[in-house]
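Raw contents of work_34.cif, mmCIF, C-alpha atoms:
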data_target
loop_
_atom_site.group_PDB
_atom_site.id
_atom_site.type_symbol
_atom_site.label_atom_id
_atom_site.label_comp_id
_atom_site.auth_asym_id
_atom_site.auth_seq_id
_atom_site.Cartn_x
_atom_site.Cartn_y
_atom_site.Cartn_z
ATOM 1 C CA MET A 1 21.542 -63.186 -1.101
ATOM 2 C CA GLU A 2 19.123 -60.298 -1.758
ATOM 3 C CA THR A 3 17.301 -60.233 -5.091
ATOM 4 C CA ASN A 4 14.991 -57.667 -6.605
ATOM 5 C CA ARG A 5 12.329 -60.166 -7.669
ATOM 6 C CA LYS A 6 8.816 -58.960 -7.011
ATOM 7 C CA VAL A 7 5.580 -60.883 -6.673
ATOM 8 C CA ILE A 8 3.131 -59.037 -8.925
ATOM 9 C CA VAL A 9 -0.584 -59.664 -9.351
ATOM 10 C CA TYR A 10 -1.645 -58.730 -12.905
ATOM 11 C CA ILE A 11 -5.382 -59.231 -13.249
ATOM 12 C CA ALA A 12 -8.597 -57.824 -14.699
ATOM 13 C CA THR A 13 -11.818 -57.131 -12.854
ATOM 14 C CA SER A 14 -15.226 -55.661 -13.538
ATOM 15 C CA ILE A 15 -16.012 -52.242 -12.085
ATOM 16 C CA ASP A 16 -17.872 -53.982 -9.261
ATOM 17 C CA GLY A 17 -14.847 -56.111 -8.376
ATOM 18 C CA PHE A 18 -15.485 -59.500 -9.994
ATOM 19 C CA ILE A 19 -12.847 -61.449 -11.929
ATOM 20 C CA ALA A 20 -15.397 -63.889 -13.361
ATOM 21 C CA LYS A 21 -19.071 -64.748 -13.282
ATOM 22 C CA THR A 22 -20.203 -67.253 -10.662
ATOM 23 C CA ASP A 23 -19.642 -70.152 -13.094
ATOM 24 C CA GLY A 24 -16.098 -68.963 -13.906
ATOM 25 C CA ASP A 25 -17.067 -67.342 -17.223
ATOM 26 C CA ILE A 26 -14.682 -64.504 -18.119
ATOM 27 C CA SER A 27 -16.274 -63.487 -21.413
ATOM 28 C CA PHE A 28 -16.777 -59.954 -20.039
ATOM 29 C CA LEU A 29 -13.094 -59.458 -20.924
ATOM 30 C CA ASP A 30 -14.089 -59.658 -24.593
ATOM 31 C CA THR A 31 -15.670 -56.204 -24.311
ATOM 32 C CA VAL A 32 -12.180 -54.667 -24.385
ATOM 33 C CA ALA A 33 -10.416 -57.274 -26.534
ATOM 34 C CA GLY A 34 -9.547 -56.884 -30.177
ATOM 35 C CA SER A 35 -8.895 -53.179 -30.080
ATOM 36 C CA GLY A 36 -5.284 -53.740 -31.160
ATOM 37 C CA GLU A 37 -4.237 -52.866 -27.610
ATOM 38 C CA ASP A 38 -2.656 -55.395 -25.235
ATOM 39 C CA TYR A 39 -2.857 -53.048 -22.221
ATOM 40 C CA GLY A 40 0.852 -53.465 -21.434
ATOM 41 C CA TYR A 41 0.627 -57.246 -21.213
ATOM 42 C CA SER A 42 3.543 -57.945 -23.589
ATOM 43 C CA ASP A 43 5.886 -55.675 -21.654
ATOM 44 C CA PHE A 44 4.680 -57.147 -18.372
ATOM 45 C CA ILE A 45 5.046 -60.777 -19.465
ATOM 46 C CA ASN A 46 8.600 -60.049 -20.648
ATOM 47 C CA SER A 47 9.427 -58.891 -17.113
ATOM 48 C CA VAL A 48 8.529 -62.257 -15.507
ATOM 49 C CA ASP A 49 9.973 -65.757 -15.618
ATOM 50 C CA THR A 50 7.714 -67.485 -13.107
ATOM 51 C CA VAL A 51 3.931 -67.787 -12.748
ATOM 52 C CA ILE A 52 1.894 -68.700 -9.684
ATOM 53 C CA MET A 53 -1.684 -69.730 -10.411
ATOM 54 C CA GLY A 54 -4.468 -71.568 -8.651
ATOM 55 C CA ARG A 55 -5.522 -74.966 -9.949
ATOM 56 C CA LYS A 56 -9.077 -73.848 -10.790
ATOM 57 C CA THR A 57 -7.720 -70.948 -12.845
ATOM 58 C CA TYR A 58 -5.224 -73.246 -14.562
ATOM 59 C CA ASP A 59 -7.955 -75.746 -15.452
ATOM 60 C CA LYS A 60 -10.192 -72.916 -16.716
ATOM 61 C CA VAL A 61 -7.434 -71.591 -18.979
ATOM 62 C CA LEU A 62 -6.818 -75.091 -20.374
ATOM 63 C CA SER A 63 -10.556 -75.462 -21.040
ATOM 64 C CA PHE A 64 -10.266 -72.717 -23.691
ATOM 65 C CA GLY A 65 -8.376 -75.197 -25.893
ATOM 66 C CA ILE A 66 -5.378 -72.896 -26.374
ATOM 67 C CA GLY A 67 -2.984 -74.860 -24.186
ATOM 68 C CA ASN A 68 -0.929 -73.328 -21.411
ATOM 69 C CA PRO A 69 -0.243 -69.672 -22.314
ATOM 70 C CA HIS A 70 2.724 -69.717 -19.913
ATOM 71 C CA ALA A 71 4.301 -72.929 -21.234
ATOM 72 C CA ALA A 72 7.636 -71.209 -21.897
ATOM 73 C CA ILE A 73 8.149 -70.145 -18.269
ATOM 74 C CA GLN A 74 8.158 -71.941 -14.927
ATOM 75 C CA SER A 75 4.627 -72.246 -13.535
ATOM 76 C CA TYR A 76 3.568 -73.237 -10.046
ATOM 77 C CA ILE A 77 -0.036 -74.388 -9.850
ATOM 78 C CA ILE A 78 -1.248 -74.195 -6.268
ATOM 79 C CA THR A 79 -3.440 -77.205 -5.497
ATOM 80 C CA ARG A 80 -4.634 -79.355 -2.623
ATOM 81 C CA THR A 81 -4.324 -82.553 -4.687
ATOM 82 C CA GLU A 82 -0.980 -84.176 -5.511
ATOM 83 C CA ARG A 83 -0.379 -84.243 -9.247
ATOM 84 C CA LYS A 84 2.620 -85.145 -11.382
ATOM 85 C CA SER A 85 4.557 -82.147 -12.672
ATOM 86 C CA GLU A 86 4.885 -81.778 -16.426
ATOM 87 C CA ASP A 87 7.313 -79.721 -18.518
ATOM 88 C CA ASN A 88 7.544 -76.271 -16.857
ATOM 89 C CA VAL A 89 4.439 -76.870 -14.707
ATOM 90 C CA THR A 90 4.852 -77.823 -11.055
ATOM 91 C CA PHE A 91 1.729 -78.744 -9.093
ATOM 92 C CA TYR A 92 2.495 -77.417 -5.628
ATOM 93 C CA THR A 93 0.756 -78.618 -2.462
ATOM 94 C CA GLY A 94 3.168 -77.196 0.116
ATOM 95 C CA ASP A 95 3.349 -74.029 2.164
ATOM 96 C CA ILE A 96 2.784 -70.931 -0.007
ATOM 97 C CA THR A 97 5.091 -68.765 2.122
ATOM 98 C CA ALA A 98 7.948 -71.244 1.727
ATOM 99 C CA LEU A 99 7.402 -71.339 -2.044
ATOM 100 C CA VAL A 100 7.367 -67.554 -2.476
ATOM 101 C CA ASN A 101 10.365 -67.049 -0.184
ATOM 102 C CA ALA A 102 12.319 -69.712 -2.100
ATOM 103 C CA LEU A 103 11.428 -68.146 -5.461
ATOM 104 C CA LYS A 104 12.323 -64.639 -4.290
ATOM 105 C CA SER A 105 15.674 -65.812 -2.917
ATOM 106 C CA ASN A 106 16.742 -66.953 -6.395
ATOM 107 C CA GLN A 107 17.993 -64.689 -9.155
ATOM 108 C CA GLY A 108 15.515 -64.090 -11.923
ATOM 109 C CA LYS A 109 12.789 -61.914 -13.279
ATOM 110 C CA HIS A 110 9.593 -61.041 -11.434
ATOM 111 C CA ILE A 111 6.947 -63.553 -10.329
ATOM 112 C CA PHE A 112 3.498 -63.224 -11.938
ATOM 113 C CA VAL A 113 0.395 -64.096 -9.912
ATOM 114 C CA ASP A 114 -2.193 -64.941 -12.565
ATOM 115 C CA GLY A 115 -5.097 -65.709 -10.236
ATOM 116 C CA GLY A 116 -7.494 -66.767 -9.125
ATOM 117 C CA ALA A 117 -9.041 -64.935 -6.253
ATOM 118 C CA GLU A 118 -8.256 -67.637 -3.684
ATOM 119 C CA ILE A 119 -4.540 -67.444 -4.466
ATOM 120 C CA VAL A 120 -4.498 -63.631 -4.518
ATOM 121 C CA ASN A 121 -6.219 -63.508 -1.128
ATOM 122 C CA LEU A 122 -3.964 -66.204 0.338
ATOM 123 C CA LEU A 123 -0.878 -64.274 -0.779
ATOM 124 C CA LEU A 124 -2.342 -61.033 0.608
ATOM 125 C CA GLN A 125 -3.077 -62.751 3.911
ATOM 126 C CA HIS A 126 0.569 -63.784 4.179
ATOM 127 C CA ARG A 127 1.826 -60.366 2.978
ATOM 128 C CA LEU A 128 3.614 -61.926 0.011
ATOM 129 C CA ILE A 129 2.494 -59.540 -2.747
ATOM 130 C CA ASP A 130 4.767 -56.655 -3.726
ATOM 131 C CA GLU A 131 2.633 -55.016 -6.425
ATOM 132 C CA ILE A 132 -0.857 -55.258 -7.900
ATOM 133 C CA ILE A 133 -1.758 -54.202 -11.433
ATOM 134 C CA ILE A 134 -5.537 -54.211 -11.872
ATOM 135 C CA SER A 135 -7.211 -53.634 -15.211
ATOM 136 C CA ILE A 136 -10.753 -52.422 -14.579
ATOM 137 C CA VAL A 137 -13.062 -53.421 -17.418
ATOM 138 C CA PRO A 138 -16.002 -51.017 -17.935
ATOM 139 C CA VAL A 139 -18.756 -53.484 -17.100
ATOM 140 C CA LEU A 140 -20.866 -54.275 -14.030
ATOM 141 C CA LEU A 141 -21.356 -58.024 -13.543
ATOM 142 C CA GLY A 142 -23.606 -57.808 -10.494
ATOM 143 C CA GLU A 143 -22.337 -61.086 -9.079
ATOM 144 C CA GLY A 144 -19.533 -63.553 -9.539
ATOM 145 C CA ILE A 145 -16.129 -64.388 -8.142
ATOM 146 C CA ARG A 146 -14.964 -61.384 -6.150
ATOM 147 C CA LEU A 147 -11.282 -60.512 -6.521
ATOM 148 C CA PHE A 148 -10.793 -59.472 -2.907
ATOM 149 C CA ASP A 149 -12.511 -61.195 -0.028
ATOM 150 C CA THR A 150 -13.905 -59.038 2.721
ATOM 151 C CA ASN A 151 -12.596 -61.092 5.631
ATOM 152 C CA ARG A 152 -9.084 -59.699 5.983
ATOM 153 C CA PRO A 153 -7.284 -56.845 7.666
ATOM 154 C CA PRO A 154 -7.011 -53.513 5.814
ATOM 155 C CA VAL A 155 -4.088 -53.086 3.432
ATOM 156 C CA GLN A 156 -3.107 -49.630 2.268
ATOM 157 C CA MET A 157 -1.311 -49.374 -1.053
ATOM 158 C CA GLN A 158 0.834 -46.754 -2.710
ATOM 159 C CA LEU A 159 -0.188 -45.683 -6.202
ATOM 160 C CA VAL A 160 2.553 -46.254 -8.781
ATOM 161 C CA GLY A 161 0.491 -45.049 -11.739
ATOM 162 C CA SER A 162 -2.653 -45.391 -13.796
ATOM 163 C CA THR A 163 -3.456 -45.513 -17.485
ATOM 164 C CA GLN A 164 -6.757 -44.881 -19.234
ATOM 165 C CA TYR A 165 -7.379 -46.598 -22.584
ATOM 166 C CA ALA A 166 -9.724 -45.722 -25.456
ATOM 167 C CA SER A 167 -11.736 -48.904 -24.785
ATOM 168 C CA GLY A 168 -12.713 -47.522 -21.384
ATOM 169 C CA LEU A 169 -10.415 -49.896 -19.511
ATOM 170 C CA VAL A 170 -8.448 -48.253 -16.713
ATOM 171 C CA GLN A 171 -5.303 -49.903 -15.392
ATOM 172 C CA ILE A 172 -4.115 -49.069 -11.895
ATOM 173 C CA HIS A 173 -0.693 -50.074 -10.546
ATOM 174 C CA TYR A 174 -0.126 -50.203 -6.781
ATOM 175 C CA LYS A 175 2.823 -51.026 -4.541
ATOM 176 C CA LEU A 176 2.294 -52.989 -1.303
ATOM 177 C CA PRO A 177 2.383 -53.393 1.610
ATOM 178 C CA ILE A 178 1.641 -50.514 3.834
ATOM 179 C CA ILE A 179 -0.144 -52.375 6.624
ATOM 180 C CA CYS A 180 -2.819 -50.339 8.447
#

What is this file in structure tokens?
Amino acid sequence: METNRKVIVYIATSIDGFIAKTDGDISFLDTVAGSGEDYGYSDFINSVDTVIMGRKTYDKVLSFGIGNPHAAIQSYIITRTERKSEDNVTFYTGDITALVNALKSNQGKHIFVDGGAEIVNLLLQHRLIDEIIISIVPVLLGEGIRLFDTNRPPVQMQLVGSTQYASGLVQIHYKLPIIC
């Protein structure tokens, strides 16, 4: 059965391509927060019913003391360590291709890849990403956790659209894959 579910990365990065400082700090995102603008996040989150996230990113989000922001939807936390699932959170240690193919074969909304960089690059490596929406925050971090690793084959993308916001943030939406 063919479904129209897409695997979509929705993520923010600095101009120089970092999603966090070396220690995982993402406070650079605060430079564009609070402007009364959600940068399309509400519309995007209403289009998904499943989240894929790396364990380090999941733990970082929980460290903010706000709980799981995706508690209402099914979440798959990709980890190397077995862990008991809880509520809508499944800790997944299996083959990422099998997981994505199983999710895409089911009816439902889109699948949100919420980071981190290791998961994004693993999914890119296996050609499992359909679209990438990158919000570029107007800051140079100089160093940190790079969104895209440099040890992979080229991937050409098709521009879907871009939006410029008053805060200086620019959001770019691409469709994949056009393999070079």

Could you expand the PyMOL selection byres ((chain A and resi 173) around 9) into the explicit residues it covers here, written as a PyMOL selection string? chain A and resi 131-135+158-163+171-172+174-175

On this structure, which residues satisfy the PyMOL selection byres ((chain A and resi 29) around 10), written as a count of residues only? 17

Evaluated on this file, the PyMOL selection byres ((chain A and resi 117) around 8) picks out some residues - which ones are they, written as a PyMOL selection string? chain A and resi 19+115-116+118-121+145-148

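Taking atom CA of Val113 of chain A as the reference point, atom CA of Gly36 of chain A is found at 24.3 Å.
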
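Residues in contact with Thr57 of chain A at 10 Å, where only C-alpha atoms are counted and same-chain residues fewer than 2 positions away are skipped, are listed as Gly24, Met53, Gly54, Arg55, Asp59, Lys60, Val61, Leu62, Ser63, Ile77, Ile78, Asp114, Gly115, Gly116, Ala117, Glu118 and Ile119 of chain A.
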
Excluding same-chain residues fewer than 3 positions from Tyr92 of chain A, what lies within 10 Å of it counting all atoms listed in the file, as a list in words?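 Near Tyr92 of chain A, the qualifying residues are Ile52, Met53, Gly54, Arg55, Ser75, Tyr76, Ile77, Ile78, Thr79, Arg80, Thr81, Glu82, Arg83, Lys84, Ser85, Val89, Asp95, Ile96 and Leu99 of chain A.
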
Selected residue of minimal separation from Gln125 of chain A among A:His70, A:Lys104, A:Lys109, A:Arg152, counting only C-alpha atoms: A:Arg152

For atom CA of Val51 of chain A and atom CA of Ile111 of chain A, quote the distance in Å rounded to one decimal.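 We find that atom CA of Val51 of chain A and atom CA of Ile111 of chain A lie 5.7 Å from each other.
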
Determine, counting all atoms listed in the file, which protein, DNA and RNA residues have an atom within 10 Å of an atom of Leu103 of chain A; residues of the same chain fewer than 4 positions away are not included. Present the result as a ChimeraX atom specification. /A:3,5-7,50,97-99,107-108,110-111

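The two atoms in question, atom CA of Asp23 of chain A and atom CA of Leu124 of chain A, are spaced 23.9 Å apart.
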
Put the listed atoms of segment 62-72 of chain A in a box along x, y and z with 8 Å added on every side and give me the centre and edge lengths in Å to one decimal, as JSON.
{"center_x": -1.5, "center_y": -72.6, "center_z": -23.1, "size_x": 34.2, "size_y": 21.8, "size_z": 22.5}
